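Input: a single structure, listed below in structure tokens.
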Amino acid sequence: MADIATYLLTGLGLVFFIAGTVGLIRFPDQFSRLHALTKGDNLGLGFIALGVAFQTDTWAQVAMLVLIWGLALLAAGTVAPLVARAALTESRKP
Amino acid sequence: MSLVLDIALCALILGVGLATVAGHGVFRAVIFFITYGLLLAIGWARLGAYDVALAEAAISAGLTGVLLLAAHGRLRRLSAAEEAPLRRNLPAALIATGVALALGWAWFALPDPAAPDLTAALPQSGVGNPVTAVLLNFRAWDTLLEAIILLAALIGLWMLARDRAWNEPLGLQYHARAGGVMASFGRVLPPIGLIFGVYLVWAGAETTGGAFQGGTVLAAVCLVSLMAGVLPAPRIAQTAWRAALVFGPGVFLLSGVAGAIFAQGFLALPPALAKPAIVTIEAALTLSIAVTLVLLVIGPPDDGGQDA
């Protein structure tokens, strides 16, 4: 039962990662590429962490997975606006 | 299943390594180098060498990557980044291939190294992590010299500063909007990073971790605070920063001299005192490593002037 949940959830996570990567390659400009990458990867990592959580033995390990996802979200959520602002400044330069 | 994973990992490492050296463009090479370091870290973790994996991820991928990015940014600001077109350099290719072949031959020709058995010596070292025991007790010489080399690298970097810029704040001026994402990140991340960095140093005595890994995490925390404007930019003349730079090597040297006077020799630790001595040296080294790495990344004092 736990194994099936892991397969389903990590599989779903991979779909999101693939969607994010396709967006990164196919989208026309930096802002939509960032959009695809951050949304897709954050959700993908969340689903993978959730899937792996079904394989843990203790709640401490679950807490660590939540911490990993939370920190990745924090970093991605911070970096994406910074990259976007840098791109905006660059594009306004004569 | 894990064989497939390992083969895919090896293929990725080789492919990304090739892309690093063979691709066009400095920026692209730097990004591939960072990816290469992260993949190598996963490789070390697959081999069970978690200490090396941590060091690889933190120092090679993270810190060296940031240093290379900073160097690229500096080149671009000096408009010196026009890249020479890639030319075929046959002699260099021949020499590199020859070195690779010779190294490969040496690897197969050498007898299998008999790893020294640490199980008998480990209880004497004062710590439970064999890597820490080697780094700070059995082969403390190497670590002491590494700490001093870091310091020498920083002094070399500072020599790039121009005289009139010497008293300026180090590095570029960072602009973080008050209440913006960077400013909030600079307040949210440091508490977490501080706990993690100190934990890595403390845990290094018994399990995975150590002064270099912990110091790199602490350096990252300090850099984020500097970029977010939470900490004022350091200056070369500030005594506190200078003291932090030499504190670690100083404590290490003093303990080495104390070993020469009171124990068997320079850098020798008597088993009874080994654990507190190692923890003290590691704590002092961590501070100095962190500060040195921070100052290496933010670079020499920069008054924004262009090279003539």
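Lettering and numbering for the structure tokens are positional, with chains as A, B, ... in the shown order, residues counted from 1 in each chain, and ligands counted from 1 in the shown order.
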Using only C-alpha atoms, which residues of chain A come within 10 Å of chain B, and what is the closest atom pair for each, with the distance in Å to one decimal? Give it as a Markdown table, sorted by chain and residue number.
| residue | atom | partner | partner_atom | distance |
| --- | --- | --- | --- | --- |
| A:Leu71 | CA | B:Leu189 | CA | 8.8 |
| A:Leu74 | CA | B:Phe185 | CA | 8.0 |
| A:Ala75 | CA | B:Phe185 | CA | 8.3 |
| A:Gly77 | CA | B:Val181 | CA | 8.5 |
| A:Thr78 | CA | B:Val181 | CA | 5.9 |
| A:Val79 | CA | B:Met182 | CA | 8.5 |
| A:Ala80 | CA | B:Val181 | CA | 9.7 |
| A:Pro81 | CA | B:Val181 | CA | 7.4 |
| A:Leu82 | CA | B:Met182 | CA | 7.6 |
All residues 8 Å or closer to Thr6 of chain A, only C-alpha atoms, same chain fewer than 6 positions away omitted, as number ranges by chain: A: 50-55
Exercise: segment 216-220 of chain B partners within 8 Å, only C-alpha atoms, chain neighbours under 3 positions left out, as a list in words: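 Near segment 216-220 of chain B, the qualifying residues are Ala58, Ile59, Leu63, Gly193, Leu194, Phe196, Gly197, Val198, Phe212, Gln213, Leu223, Val224, Ile289, Ala290, Val291, Leu293 and Val294 of chain B.
Proximity ranking of B:Ile95, B:Val4, B:Val201, B:Ala121 relative to Ile281 of chain B places B:Val201 first, based on only C-alpha atoms.
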Selection near Leu151 of chain B, 9 Å with only C-alpha atoms, sequence-local residues under 5 positions removed, as a PyMOL selection string: chain B and resi 146+156+245-246+249+288-289+292
Straight-line distance linking atom CA of Leu150 of chain B with atom CA of Ala100 of chain B, stated in Å to one decimal: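 About the pair atom CA of Leu150 of chain B and atom CA of Ala100 of chain B: they are 28.4 Å apart.
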Do you know which residues are at most 8 Å from segment 84-87 of chain A counting only C-alpha atoms, after dropping those on the same chain fewer than 3 positions away, and could you put them as a short mmCIF file (atom, residue, chain, number, x, y, z; two decimals) with C-alpha atoms, in the first residue's frame?
data_model
loop_
_atom_site.label_atom_id
_atom_site.label_comp_id
_atom_site.auth_asym_id
_atom_site.auth_seq_id
_atom_site.Cartn_x
_atom_site.Cartn_y
_atom_site.Cartn_z
CA GLN A 30 12.88 34.64 -19.34
CA PHE A 31 9.76 35.44 -17.36
CA LEU A 34 11.02 31.20 -14.73
CA ALA A 80 12.95 33.68 -9.02
CA PRO A 81 11.97 37.34 -8.34
CA GLU A 90 18.93 44.14 -18.35
CA SER A 91 16.11 44.47 -20.91
#
Pairwise distance for atom CA of Asn137 of chain B and atom CA of Ser125 of chain B, rounded to one decimal in Å: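 Computing the Euclidean distance for atom CA of Asn137 of chain B and atom CA of Ser125 of chain B yields 6.4 Å.
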Nearest candidate to Thr132 of chain B (options B:Gly209, B:Gly104, B:Pro190, B:Pro111; using only C-alpha atoms): B:Gly209
